[in-house]
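Have a look at protein02.cif; it's mmCIF, C-alpha atoms and all ligand atoms:
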data_coords
loop_
_atom_site.label_atom_id
_atom_site.label_comp_id
_atom_site.auth_asym_id
_atom_site.auth_seq_id
_atom_site.Cartn_x
_atom_site.Cartn_y
_atom_site.Cartn_z
CA MET B 1 0.00 0.00 0.00
CA ALA B 2 2.88 2.37 0.69
CA THR B 3 3.49 3.41 -2.89
CA ASN B 4 3.39 6.72 -4.65
CA ASP B 5 0.18 5.68 -6.35
CA LYS B 6 -1.61 5.55 -3.04
CA GLY B 7 -5.10 4.66 -4.22
CA SER B 8 -7.60 4.29 -1.42
CA SER B 9 -8.06 1.89 1.46
CA ASN B 10 -11.16 0.36 2.98
CA THR B 11 -10.97 -0.91 6.56
CA THR B 12 -13.38 -3.76 5.85
CA THR B 13 -13.41 -6.00 2.83
CA THR B 14 -15.91 -8.70 1.89
CA ASP B 15 -14.91 -12.29 1.19
CA ASN B 16 -16.41 -14.30 -1.71
CA ASP B 17 -18.79 -16.01 0.70
CA GLY B 18 -20.15 -12.63 1.79
CA THR B 19 -18.53 -12.58 5.25
CA THR B 20 -16.59 -9.52 6.32
CA ALA B 21 -12.84 -10.13 6.17
CA LYS B 22 -10.59 -8.83 8.90
CA PRO B 23 -8.47 -5.85 7.83
CA ASN B 24 -4.69 -6.25 7.71
CA ILE B 25 -3.06 -4.34 10.54
CA ALA B 26 0.32 -2.59 10.81
CA PHE B 27 1.41 -2.40 14.48
CA ILE B 28 4.18 0.02 15.46
CA GLY B 29 5.71 -0.02 18.97
CA LEU B 30 5.90 -3.45 20.63
CA GLY B 31 7.01 -2.63 24.18
CA ASN B 32 5.44 -3.59 27.52
CA MET B 33 1.99 -2.62 26.24
CA GLY B 34 2.18 -2.85 22.44
CA GLY B 35 3.72 -6.35 22.45
CA PRO B 36 0.87 -8.13 24.25
CA MET B 37 -1.77 -5.99 22.48
CA ALA B 38 -0.38 -7.11 19.12
CA GLU B 39 -0.27 -10.73 20.31
CA ASN B 40 -3.97 -10.58 21.19
CA LEU B 41 -4.78 -9.36 17.67
CA LEU B 42 -2.79 -12.28 16.22
CA LYS B 43 -4.65 -14.72 18.47
CA ALA B 44 -7.94 -13.28 17.19
CA GLY B 45 -6.94 -14.09 13.61
CA TYR B 46 -5.76 -10.69 12.34
CA THR B 47 -2.81 -10.55 9.93
CA LEU B 48 -0.17 -8.27 11.43
CA SER B 49 2.89 -6.59 10.04
CA VAL B 50 4.89 -5.13 12.92
CA TYR B 51 7.71 -2.66 13.43
CA ASP B 52 9.79 -1.61 16.45
CA LEU B 53 13.26 -0.11 16.81
CA SER B 54 14.11 -2.99 19.14
CA ALA B 55 14.99 -6.31 17.49
CA GLU B 56 14.19 -8.10 20.75
CA ALA B 57 10.63 -6.76 20.70
CA THR B 58 10.04 -7.78 17.08
CA ALA B 59 11.55 -11.27 17.62
CA ARG B 60 8.86 -12.01 20.22
CA LEU B 61 6.13 -11.03 17.78
CA GLN B 62 7.69 -13.03 14.96
CA GLN B 63 7.41 -16.12 17.14
CA ALA B 64 3.76 -15.29 17.71
CA GLY B 65 3.13 -15.22 13.95
CA ALA B 66 3.54 -11.59 12.86
CA ASN B 67 5.37 -10.43 9.72
CA ILE B 68 8.38 -8.32 10.64
CA ALA B 69 8.80 -5.02 8.77
CA ASN B 70 11.91 -2.86 8.33
CA SER B 71 10.15 0.49 8.71
CA PRO B 72 6.71 1.92 9.50
CA LYS B 73 6.18 2.32 5.75
CA ASP B 74 7.09 -1.32 5.13
CA ALA B 75 4.71 -2.42 7.93
CA ALA B 76 1.86 -0.45 6.35
CA GLN B 77 2.20 -2.18 2.96
CA ASN B 78 -1.21 -3.79 2.37
CA ALA B 79 -2.58 -2.65 5.73
CA GLN B 80 -5.98 -1.01 6.05
CA VAL B 81 -5.41 -0.17 9.71
CA VAL B 82 -2.31 1.20 11.47
CA ILE B 83 -2.00 0.99 15.27
CA SER B 84 0.81 2.60 17.27
CA MET B 85 1.85 2.24 20.92
CA LEU B 86 4.87 4.51 21.39
CA PRO B 87 6.44 6.13 24.46
CA ALA B 88 5.68 9.84 23.96
CA GLY B 89 4.50 12.61 21.61
CA LYS B 90 7.89 13.08 19.96
CA HIS B 91 7.93 9.43 18.84
CA VAL B 92 4.37 9.66 17.51
CA HIS B 93 5.21 12.82 15.55
CA SER B 94 8.40 11.31 14.21
CA VAL B 95 6.57 8.18 12.95
CA TYR B 96 3.53 9.88 11.40
CA LEU B 97 4.74 13.35 10.44
CA GLY B 98 8.49 12.76 10.04
CA GLU B 99 11.31 14.77 11.56
CA ASP B 100 10.54 17.76 9.37
CA ARG B 101 6.80 17.12 9.21
CA SER B 102 7.04 16.03 5.58
CA LYS B 103 8.35 12.50 5.38
CA GLY B 104 6.28 10.65 7.92
CA LEU B 105 4.12 7.60 7.45
CA LEU B 106 0.91 9.58 6.85
CA ALA B 107 2.25 10.74 3.48
CA ASP B 108 2.52 7.08 2.38
CA LEU B 109 -0.94 5.90 3.42
CA PRO B 110 -3.84 5.72 1.00
CA LYS B 111 -7.06 7.62 1.65
CA GLY B 112 -9.43 5.80 3.96
CA THR B 113 -6.71 4.17 6.08
CA LEU B 114 -7.67 4.06 9.74
CA VAL B 115 -4.88 5.15 12.11
CA ILE B 116 -5.24 4.42 15.83
CA ASP B 117 -2.63 5.85 18.18
CA SER B 118 -2.84 4.33 21.66
CA SER B 119 0.24 6.07 23.12
CA THR B 120 -0.37 8.53 25.96
CA ILE B 121 0.60 11.93 24.54
CA ALA B 122 -0.52 15.56 24.82
CA ALA B 123 -3.96 16.25 23.37
CA ALA B 124 -2.40 19.07 21.32
CA ASP B 125 0.10 16.62 19.79
CA ALA B 126 -2.70 14.17 18.95
CA ARG B 127 -4.72 16.99 17.31
CA LYS B 128 -1.71 17.94 15.14
CA VAL B 129 -1.47 14.40 13.75
CA ALA B 130 -5.27 14.24 13.34
CA GLU B 131 -5.27 17.49 11.38
CA ALA B 132 -2.46 16.31 9.06
CA ALA B 133 -4.26 12.97 8.58
CA SER B 134 -7.57 14.63 7.83
CA LYS B 135 -5.98 16.74 5.04
CA LEU B 136 -4.89 13.46 3.43
CA GLY B 137 -8.29 11.78 3.81
CA ILE B 138 -7.00 9.47 6.56
CA ASP B 139 -9.07 8.70 9.67
CA PHE B 140 -7.13 9.28 12.88
CA LEU B 141 -8.16 8.31 16.41
CA ASP B 142 -6.35 9.03 19.66
CA ALA B 143 -7.07 5.93 21.75
CA PRO B 144 -4.94 5.90 24.92
CA VAL B 145 -5.49 3.04 27.34
CA SER B 146 -5.86 2.34 31.01
CA GLY B 147 -5.35 -1.04 32.64
CA GLY B 148 -1.58 -1.50 32.64
CA THR B 149 0.48 -4.40 31.39
CA GLY B 150 -1.86 -6.90 33.10
CA GLY B 151 -4.78 -5.50 31.11
CA ALA B 152 -2.73 -5.56 27.90
CA ILE B 153 -1.89 -9.23 28.38
CA ALA B 154 -5.43 -10.23 29.41
CA GLY B 155 -7.07 -8.17 26.64
CA THR B 156 -9.07 -6.21 29.22
CA LEU B 157 -7.77 -2.68 28.63
CA THR B 158 -9.99 0.39 28.77
CA PHE B 159 -9.72 2.42 25.55
CA ILE B 160 -10.51 6.13 25.76
CA VAL B 161 -11.05 7.33 22.22
CA GLY B 162 -11.13 10.74 20.53
CA GLY B 163 -12.18 11.21 16.91
CA SER B 164 -15.13 11.01 14.52
CA ASP B 165 -18.13 8.71 14.99
CA ASP B 166 -17.36 6.93 11.70
CA ALA B 167 -13.75 6.20 12.59
CA PHE B 168 -14.79 5.08 16.07
CA ALA B 169 -17.32 2.64 14.61
CA LYS B 170 -14.63 1.16 12.32
CA ALA B 171 -12.14 0.83 15.20
CA GLU B 172 -14.49 -0.64 17.79
CA PRO B 173 -14.32 -4.33 16.75
CA ILE B 174 -10.52 -4.18 16.65
CA LEU B 175 -10.25 -2.42 20.02
CA ALA B 176 -12.68 -4.97 21.49
CA VAL B 177 -10.06 -7.67 20.88
CA MET B 178 -7.57 -5.83 23.11
CA GLY B 179 -9.93 -4.23 25.61
CA LYS B 180 -13.07 -4.71 27.67
CA ASN B 181 -14.32 -1.13 27.99
CA ILE B 182 -14.25 1.18 24.98
CA PHE B 183 -15.30 4.79 25.49
CA HIS B 184 -15.82 7.44 22.85
CA ALA B 185 -14.78 10.54 24.81
CA GLY B 186 -15.42 13.09 22.02
CA GLU B 187 -13.56 14.71 19.14
CA HIS B 188 -9.83 14.52 18.34
CA GLY B 189 -7.74 14.91 21.51
CA ALA B 190 -10.64 14.10 23.86
CA GLY B 191 -9.26 10.61 24.52
CA GLN B 192 -5.96 12.09 25.65
CA VAL B 193 -7.62 14.72 27.86
CA ALA B 194 -9.74 12.05 29.62
CA LYS B 195 -6.69 9.82 30.02
CA ILE B 196 -4.55 12.48 31.72
CA CYS B 197 -7.44 13.53 34.00
CA ASN B 198 -7.64 9.90 35.11
CA ASN B 199 -3.90 9.54 35.58
CA MET B 200 -3.59 12.84 37.45
CA LEU B 201 -6.21 11.53 39.88
CA LEU B 202 -4.39 8.19 40.09
CA GLY B 203 -1.09 9.95 40.91
CA ILE B 204 -2.83 11.96 43.65
CA LEU B 205 -4.54 8.85 45.06
CA MET B 206 -1.33 6.79 45.08
CA ALA B 207 0.68 9.52 46.81
CA GLY B 208 -2.18 10.21 49.26
CA THR B 209 -2.60 6.52 50.11
CA ALA B 210 1.16 6.13 50.69
CA GLU B 211 1.07 9.24 52.92
CA ALA B 212 -1.83 7.92 55.01
CA ILE B 213 -0.30 4.46 55.45
CA ASN B 214 3.00 6.03 56.49
CA LEU B 215 1.27 8.22 59.09
CA GLY B 216 -0.39 5.14 60.57
CA VAL B 217 2.75 3.00 60.54
CA LYS B 218 4.83 5.74 62.18
CA ASN B 219 2.14 5.87 64.89
CA GLY B 220 2.33 2.17 65.66
CA LEU B 221 -0.26 0.67 63.30
CA ASP B 222 0.20 -2.46 61.22
CA PRO B 223 0.06 -1.45 57.51
CA LYS B 224 -2.28 -4.34 56.62
CA VAL B 225 -4.67 -3.65 59.50
CA LEU B 226 -4.76 0.05 58.60
CA SER B 227 -5.26 -0.76 54.89
CA ASP B 228 -8.16 -3.10 55.72
CA ILE B 229 -9.76 -0.40 57.87
CA MET B 230 -9.44 2.29 55.17
CA LEU B 231 -10.67 -0.15 52.52
CA GLN B 232 -13.96 -0.48 54.44
CA SER B 233 -14.10 3.23 55.30
CA SER B 234 -14.47 6.48 53.40
CA GLY B 235 -10.81 6.59 52.33
CA ARG B 236 -11.40 3.57 50.10
CA ASN B 237 -9.91 3.93 46.60
CA TRP B 238 -8.48 1.87 43.69
CA THR B 239 -4.94 1.78 45.11
CA LEU B 240 -6.20 0.22 48.36
CA GLU B 241 -8.43 -2.18 46.43
CA VAL B 242 -5.92 -3.64 43.98
CA TYR B 243 -2.53 -1.92 44.15
CA ASN B 244 -1.50 -1.28 47.77
CA PRO B 245 1.84 0.60 47.84
CA TYR B 246 3.12 -0.91 51.13
CA PRO B 247 5.17 -4.13 50.76
CA GLN B 248 3.50 -7.46 51.64
CA VAL B 249 0.05 -6.00 52.34
CA MET B 250 -1.14 -7.57 49.08
CA GLU B 251 0.14 -10.46 46.99
CA ASN B 252 0.98 -10.14 43.30
CA VAL B 253 1.39 -6.37 43.25
CA PRO B 254 4.65 -4.51 42.44
CA SER B 255 5.10 -3.34 46.07
CA SER B 256 5.46 -6.98 47.14
CA ASN B 257 7.95 -7.62 44.34
CA GLY B 258 10.57 -4.89 44.88
CA TYR B 259 8.40 -2.45 42.88
CA GLN B 260 9.36 -4.23 39.64
CA GLY B 261 7.03 -4.44 36.62
CA GLY B 262 3.75 -2.53 36.46
CA PHE B 263 3.65 1.15 35.49
CA MET B 264 7.01 2.89 35.74
CA SER B 265 7.27 6.04 37.89
CA LYS B 266 8.81 7.91 34.96
CA LEU B 267 5.69 7.20 32.87
CA MET B 268 3.47 8.48 35.70
CA GLN B 269 5.64 11.58 35.84
CA LYS B 270 5.24 12.02 32.07
CA ASP B 271 1.45 11.84 32.43
CA LEU B 272 1.42 14.27 35.36
CA ASN B 273 3.54 16.70 33.32
CA LEU B 274 1.02 16.37 30.46
CA ALA B 275 -1.80 17.16 32.89
CA MET B 276 0.08 20.20 34.25
CA GLN B 277 0.80 21.43 30.72
CA THR B 278 -2.86 21.09 29.76
CA ALA B 279 -3.94 22.89 32.95
CA GLN B 280 -1.52 25.72 32.25
CA ASP B 281 -2.54 26.04 28.58
CA THR B 282 -6.20 26.24 29.54
CA ASN B 283 -5.88 28.29 32.75
CA VAL B 284 -7.28 25.63 35.04
CA GLU B 285 -6.13 25.32 38.67
CA THR B 286 -4.81 21.89 39.72
CA PRO B 287 -3.08 22.33 43.11
CA MET B 288 -3.35 18.66 44.10
CA GLY B 289 -2.06 17.57 40.69
CA ALA B 290 0.82 20.04 41.05
CA LYS B 291 1.80 18.55 44.42
CA ALA B 292 1.69 14.98 43.03
CA THR B 293 3.81 16.13 40.07
CA GLU B 294 6.36 17.63 42.48
CA LEU B 295 6.51 14.39 44.51
CA TYR B 296 6.94 12.19 41.43
CA ALA B 297 9.54 14.54 39.91
CA ALA B 298 11.70 14.17 43.04
CA HIS B 299 11.03 10.43 43.26
CA THR B 300 11.93 9.62 39.64
CA VAL B 301 15.43 11.09 39.98
CA GLU B 302 16.50 7.75 41.46
CA ASN B 303 13.46 5.52 41.00
CA GLY B 304 12.13 6.26 37.53
CA ASP B 305 12.14 2.61 36.46
CA ARG B 306 10.37 1.33 39.55
CA ASP B 307 6.59 0.92 39.58
CA PHE B 308 4.73 4.13 40.48
CA SER B 309 3.55 2.70 43.83
CA SER B 310 7.20 3.05 44.95
CA ILE B 311 6.26 6.67 45.76
CA MET B 312 5.82 4.98 49.18
CA ALA B 313 9.60 5.38 49.53
CA ARG B 314 9.25 9.19 49.60
CA TYR B 315 7.62 8.69 52.99
CA ASP B 316 9.44 5.57 54.23
CA SER B 317 12.71 4.76 52.50
CA SER B 318 12.93 1.39 54.33
CA VAL B 319 10.37 -0.07 51.87
CA LEU B 320 13.13 -0.24 49.26
CA SER B 321 15.46 -2.31 51.42
P1 LIG F 1 7.72 0.79 26.29
O1 LIG F 1 8.86 1.72 26.44
O2 LIG F 1 7.75 -0.54 26.95
O3 LIG F 1 7.44 0.51 24.70
C1 LIG F 1 7.57 1.46 23.69
C2 LIG F 1 8.12 0.77 22.44
O4 LIG F 1 8.17 1.72 21.37
C3 LIG F 1 9.54 0.24 22.62
O5 LIG F 1 9.59 -1.14 22.27
C4 LIG F 1 10.39 1.11 21.67
O6 LIG F 1 11.46 0.40 21.09
C5 LIG F 1 9.35 1.47 20.63
N1 LIG F 1 9.68 2.67 19.85
C6 LIG F 1 10.11 3.87 20.29
N2 LIG F 1 10.26 4.72 19.25
C7 LIG F 1 9.89 4.04 18.14
C8 LIG F 1 9.84 4.37 16.76
N3 LIG F 1 10.16 5.57 16.32
N4 LIG F 1 9.41 3.41 15.90
C9 LIG F 1 9.08 2.18 16.34
N5 LIG F 1 9.12 1.80 17.65
C10 LIG F 1 9.53 2.72 18.52
O7 LIG F 1 6.43 1.61 26.74
P2 LIG F 1 4.99 1.02 27.16
O8 LIG F 1 4.97 0.73 28.63
O9 LIG F 1 4.61 -0.03 26.18
O10 LIG F 1 4.08 2.33 26.95
C11 LIG F 1 3.68 2.76 25.67
C12 LIG F 1 2.68 3.88 25.86
O11 LIG F 1 1.55 3.39 26.62
C13 LIG F 1 3.22 5.09 26.61
O12 LIG F 1 2.73 6.27 26.03
C14 LIG F 1 2.67 4.90 28.03
O13 LIG F 1 2.52 6.13 28.73
C15 LIG F 1 1.34 4.24 27.74
N6 LIG F 1 0.80 3.41 28.83
C16 LIG F 1 1.61 2.53 29.51
C17 LIG F 1 1.06 1.76 30.52
C18 LIG F 1 1.92 0.77 31.30
O14 LIG F 1 1.43 0.24 32.31
N7 LIG F 1 3.14 0.47 30.85
C19 LIG F 1 -0.30 1.87 30.85
C20 LIG F 1 -1.10 2.75 30.12
C21 LIG F 1 -0.54 3.51 29.11
#
Take the structure in the file and write it out as structure tokens.
Ligand code: NAD
Amino acid sequence: MATNDKGSSNTTTTDNDGTTAKPNIAFIGLGNMGGPMAENLLKAGYTLSVYDLSAEATARLQQAGANIANSPKDAAQNAQVVISMLPAGKHVHSVYLGEDRSKGLLADLPKGTLVIDSSTIAAADARKVAEAASKLGIDFLDAPVSGGTGGAIAGTLTFIVGGSDDAFAKAEPILAVMGKNIFHAGEHGAGQVAKICNNMLLGILMAGTAEAINLGVKNGLDPKVLSDIMLQSSGRNWTLEVYNPYPQVMENVPSSNGYQGGFMSKLMQKDLNLAMQTAQDTNVETPMGAKATELYAAHTVENGDRDFSSIMARYDSSVLS
């Protein structure tokens, strides 16, 4: 498909027997999240051509049955749908718009291609790509996710989508393979805005929960007893339910595994920075978000690769020993 004579693409085709064939998918970015998401699409019978800068990441997908491409353009050959799961806005811009905004993948896609970017990036960055895509007759959706690596592996992610109704309708069956809850938040960029509102709240809740547990522990309480009490009281929240930040209060969470795996503190910091940037651009006050951003900024200096629940160590450094 990535030729000069770009023609046009249709995200659904019809087989001879009248059934709707699955579109071919190009998947770009096969890290902690993108890797398992792509594997779930393969398991569901989609044909995938994949690309990542890391040979290790592509090797895993090759074993799972994907075709390995040498570039985003190569991956998009014969694809009606392109999905990306990249670290940050600069990577998304570089793939779709190119370094100088003229040689990116968008320029090689035929009209009617559906592009779904699931990376968490600034809404303004997503709107820039959407605008460039729209000028070329390409449907773009920002579709960031919530649910972490566990959700990516289990195919139970929450997708928070921004873009047109038509593009959303085309994307829904594909997203349903990788996720359980699929929300259409609004127009281009709305998915990213909803995502950073959620993650700002999550950062505040995680830091607040760590702070409360530390206050109790330093005043003689057992962290599990205190957590159980708060879980059945008005301080109850998601972190206490499934992601307690204090070691050994819960099994199978990063805090009970040296804060390895999960959602890295540096990614939480990136999301908090995106929330602060959005608040500043739109003149909205976010004092709690600002405090959480300050805490995570200090924490990531030494602990950026640890799970974000390791913010517990800001209050009690012994949890890292
Ligand atoms: P990751 O660093 O594990 O994976 C990113 C992948 O993109 C890497 O394999 C990297 O080699 C590849 N890459 C970078 N630049 C590229 C390029 N130009 N072309 C092709 N490949 C390129 O990150 P992740 O944890 O998978 O996160 C991806 C996105 O999902 C981020 O925006 C993150 O904020 C978001 N997210 C992560 C989680 C989580 O729990 N990890 C949860 C929700 C959302």
Spatial neighbours of Ala154 of chain B, 12 Å, all atoms listed in the file, chain gap at least 5 places, as a list in words: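 Counting all atoms listed in the file, the residues come to Met33, Pro36, Met37, Ala38, Glu39, Asn40, Leu41, Lys43, Gly147, Gly148, Thr149, Ala176, Val177, Met178, Gly179 and Lys180 of chain B.
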Close residues to ligand LIG 1 (chain F) using all atoms listed in the file, limit 7 Å, as a count of residues only: 34
Given only C-alpha atoms as the counted atoms, nearest of B:Ala59, B:Leu226, B:Leu231, B:Ala290 to Leu274 of chain B: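 Result for the nearest residue to Leu274 of chain B: B:Ala290.
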Length of the atom CA of Thr286 of chain B to atom CA of Asn273 of chain B vector [Å]: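 Separation between atom CA of Thr286 of chain B and atom CA of Asn273 of chain B: 11.7 Å.
Picture a line from atom CA of Leu136 of chain B to atom CA of Leu109 of chain B; it runs 8.5 Å.
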Residue neighbourhood Ser321 of chain B, 12 Å, all atoms listed in the file, exclusion window fewer than 3 positions, as a list of chain:residue names: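 Here the answer would be B:Pro247, B:Ser255, B:Ser256, B:Asn257, B:Gly258, B:Tyr259, B:Ser310, B:Ala313, B:Asp316, B:Ser317, B:Ser318.
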Option closest in space to Asp125 of chain B, from B:Gly216, B:Gly150, B:Gly191, B:Gly89 [counting only C-alpha atoms]: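 Of all the options, B:Gly89 lies closest to Asp125 of chain B.
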Among listed residues B:Ala26, B:Gly112, B:Ala275, B:Glu56, nearest Cys197 of chain B (using all atoms listed in the file):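 Nearest candidate to Cys197 of chain B out of B:Ala26, B:Gly112, B:Ala275, B:Glu56: B:Ala275.
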Atomic distance atom CA of Ser233 of chain B - atom CA of Ile311 of chain B, expressed in Å with one decimal: 22.7 Å
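Among the candidate residues B:Lys103, B:His188, B:Arg236, B:Lys224, the one lying nearest to Val129 of chain B is B:His188, with distances computed using all atoms listed in the file.
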Residue with smallest distance to Tyr46 of chain B - pool B:Ile25, B:Met206, B:Ala167, B:Leu97, counting all atoms listed in the file: B:Ile25
Residue contacts of segment 63-67 of chain B (8 Å, all atoms listed in the file) excluding same-chain residues fewer than 5 positions away, as a count of residues only: 6
Would you mind listing what lies within 12 Å of Phe308 of chain B as a PDB file with C-alpha atoms, in the coordinates of the input, with all atoms listed in the file counted and same-chain residues fewer than 2 positions away left out?
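Just written: selection.pdb:
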ATOM      1  CA  GLY B 148      -1.580  -1.500  32.640  1.00  0.00           C
ATOM      2  CA  ASN B 199      -3.900   9.540  35.580  1.00  0.00           C
ATOM      3  CA  LEU B 202      -4.390   8.190  40.090  1.00  0.00           C
ATOM      4  CA  GLY B 203      -1.090   9.950  40.910  1.00  0.00           C
ATOM      5  CA  ILE B 204      -2.830  11.960  43.650  1.00  0.00           C
ATOM      6  CA  LEU B 205      -4.540   8.850  45.060  1.00  0.00           C
ATOM      7  CA  MET B 206      -1.330   6.790  45.080  1.00  0.00           C
ATOM      8  CA  ALA B 207       0.680   9.520  46.810  1.00  0.00           C
ATOM      9  CA  ALA B 210       1.160   6.130  50.690  1.00  0.00           C
ATOM     10  CA  THR B 239      -4.940   1.780  45.110  1.00  0.00           C
ATOM     11  CA  TYR B 243      -2.530  -1.920  44.150  1.00  0.00           C
ATOM     12  CA  ASN B 244      -1.500  -1.280  47.770  1.00  0.00           C
ATOM     13  CA  PRO B 245       1.840   0.600  47.840  1.00  0.00           C
ATOM     14  CA  TYR B 246       3.120  -0.910  51.130  1.00  0.00           C
ATOM     15  CA  VAL B 253       1.390  -6.370  43.250  1.00  0.00           C
ATOM     16  CA  PRO B 254       4.650  -4.510  42.440  1.00  0.00           C
ATOM     17  CA  SER B 255       5.100  -3.340  46.070  1.00  0.00           C
ATOM     18  CA  GLY B 258      10.570  -4.890  44.880  1.00  0.00           C
ATOM     19  CA  TYR B 259       8.400  -2.450  42.880  1.00  0.00           C
ATOM     20  CA  GLN B 260       9.360  -4.230  39.640  1.00  0.00           C
ATOM     21  CA  GLY B 261       7.030  -4.440  36.620  1.00  0.00           C
ATOM     22  CA  GLY B 262       3.750  -2.530  36.460  1.00  0.00           C
ATOM     23  CA  PHE B 263       3.650   1.150  35.490  1.00  0.00           C
ATOM     24  CA  MET B 264       7.010   2.890  35.740  1.00  0.00           C
ATOM     25  CA  SER B 265       7.270   6.040  37.890  1.00  0.00           C
ATOM     26  CA  LYS B 266       8.810   7.910  34.960  1.00  0.00           C
ATOM     27  CA  LEU B 267       5.690   7.200  32.870  1.00  0.00           C
ATOM     28  CA  MET B 268       3.470   8.480  35.700  1.00  0.00           C
ATOM     29  CA  GLN B 269       5.640  11.580  35.840  1.00  0.00           C
ATOM     30  CA  LYS B 270       5.240  12.020  32.070  1.00  0.00           C
ATOM     31  CA  ASP B 271       1.450  11.840  32.430  1.00  0.00           C
ATOM     32  CA  LEU B 272       1.420  14.270  35.360  1.00  0.00           C
ATOM     33  CA  ALA B 292       1.690  14.980  43.030  1.00  0.00           C
ATOM     34  CA  LEU B 295       6.510  14.390  44.510  1.00  0.00           C
ATOM     35  CA  TYR B 296       6.940  12.190  41.430  1.00  0.00           C
ATOM     36  CA  ALA B 297       9.540  14.540  39.910  1.00  0.00           C
ATOM     37  CA  HIS B 299      11.030  10.430  43.260  1.00  0.00           C
ATOM     38  CA  THR B 300      11.930   9.620  39.640  1.00  0.00           C
ATOM     39  CA  ASN B 303      13.460   5.520  41.000  1.00  0.00           C
ATOM     40  CA  GLY B 304      12.130   6.260  37.530  1.00  0.00           C
ATOM     41  CA  ASP B 305      12.140   2.610  36.460  1.00  0.00           C
ATOM     42  CA  ARG B 306      10.370   1.330  39.550  1.00  0.00           C
ATOM     43  CA  SER B 310       7.200   3.050  44.950  1.00  0.00           C
ATOM     44  CA  ILE B 311       6.260   6.670  45.760  1.00  0.00           C
ATOM     45  CA  MET B 312       5.820   4.980  49.180  1.00  0.00           C
ATOM     46  CA  ALA B 313       9.600   5.380  49.530  1.00  0.00           C
ATOM     47  CA  ARG B 314       9.250   9.190  49.600  1.00  0.00           C
TER      48      ARG B 314
END
Pick from B:Ala69, B:Val225, B:Ala124, B:Val82, whichever lies nearest to Thr282 of chain B using only C-alpha atoms: B:Ala124
Residues near Lys170 of chain B, cut-off 12 Å, all atoms listed in the file, skip fewer than 5 positions along chain, as a list in words: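 My reading of the contact set: Asn10, Thr11, Thr12, Thr13, Lys22, Pro23, Gln80, Val81, Gly112, Thr113, Leu114, Val115, Ile116, Asp139, Phe140, Leu141, Gly163, Ser164, Asp165, Leu175 and Ala176 of chain B.
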How would segment 24-34 of chain B look with N, CA, C and O atoms restored, written as a PDB file, in the coordinates of the input?
ATOM      1  N   ASN B  24      -6.094  -6.046   7.337  1.00  0.00           N
ATOM      2  CA  ASN B  24      -4.690  -6.250   7.710  1.00  0.00           C
ATOM      3  C   ASN B  24      -4.258  -5.076   8.584  1.00  0.00           C
ATOM      4  O   ASN B  24      -4.642  -3.926   8.327  1.00  0.00           O
ATOM      5  N   ILE B  25      -3.441  -5.378   9.573  1.00  0.00           N
ATOM      6  CA  ILE B  25      -3.060  -4.340  10.540  1.00  0.00           C
ATOM      7  C   ILE B  25      -1.542  -4.165  10.564  1.00  0.00           C
ATOM      8  O   ILE B  25      -0.792  -5.150  10.603  1.00  0.00           O
ATOM      9  N   ALA B  26      -1.092  -2.903  10.544  1.00  0.00           N
ATOM     10  CA  ALA B  26       0.320  -2.590  10.810  1.00  0.00           C
ATOM     11  C   ALA B  26       0.394  -2.154  12.271  1.00  0.00           C
ATOM     12  O   ALA B  26      -0.388  -1.295  12.695  1.00  0.00           O
ATOM     13  N   PHE B  27       1.310  -2.746  13.051  1.00  0.00           N
ATOM     14  CA  PHE B  27       1.410  -2.400  14.480  1.00  0.00           C
ATOM     15  C   PHE B  27       2.813  -1.866  14.744  1.00  0.00           C
ATOM     16  O   PHE B  27       3.806  -2.553  14.496  1.00  0.00           O
ATOM     17  N   ILE B  28       2.878  -0.635  15.251  1.00  0.00           N
ATOM     18  CA  ILE B  28       4.180   0.020  15.460  1.00  0.00           C
ATOM     19  C   ILE B  28       4.373   0.326  16.949  1.00  0.00           C
ATOM     20  O   ILE B  28       3.551   1.042  17.544  1.00  0.00           O
ATOM     21  N   GLY B  29       5.449  -0.225  17.536  1.00  0.00           N
ATOM     22  CA  GLY B  29       5.710  -0.020  18.970  1.00  0.00           C
ATOM     23  C   GLY B  29       5.274  -1.243  19.749  1.00  0.00           C
ATOM     24  O   GLY B  29       4.092  -1.391  20.073  1.00  0.00           O
ATOM     25  N   LEU B  30       6.239  -2.132  20.055  1.00  0.00           N
ATOM     26  CA  LEU B  30       5.900  -3.450  20.630  1.00  0.00           C
ATOM     27  C   LEU B  30       6.525  -3.621  22.006  1.00  0.00           C
ATOM     28  O   LEU B  30       7.111  -4.654  22.309  1.00  0.00           O
ATOM     29  N   GLY B  31       6.404  -2.589  22.844  1.00  0.00           N
ATOM     30  CA  GLY B  31       7.010  -2.630  24.180  1.00  0.00           C
ATOM     31  C   GLY B  31       6.124  -3.371  25.178  1.00  0.00           C
ATOM     32  O   GLY B  31       5.380  -4.281  24.827  1.00  0.00           O
ATOM     33  N   ASN B  32       6.196  -2.931  26.440  1.00  0.00           N
ATOM     34  CA  ASN B  32       5.440  -3.590  27.520  1.00  0.00           C
ATOM     35  C   ASN B  32       3.955  -3.682  27.201  1.00  0.00           C
ATOM     36  O   ASN B  32       3.287  -4.654  27.560  1.00  0.00           O
ATOM     37  N   MET B  33       3.430  -2.666  26.564  1.00  0.00           N
ATOM     38  CA  MET B  33       1.990  -2.620  26.240  1.00  0.00           C
ATOM     39  C   MET B  33       1.721  -3.124  24.821  1.00  0.00           C
ATOM     40  O   MET B  33       0.863  -3.970  24.594  1.00  0.00           O
ATOM     41  N   GLY B  34       2.439  -2.533  23.842  1.00  0.00           N
ATOM     42  CA  GLY B  34       2.180  -2.850  22.440  1.00  0.00           C
ATOM     43  C   GLY B  34       2.403  -4.323  22.114  1.00  0.00           C
ATOM     44  O   GLY B  34       1.646  -4.916  21.321  1.00  0.00           O
TER      45      GLY B  34
END
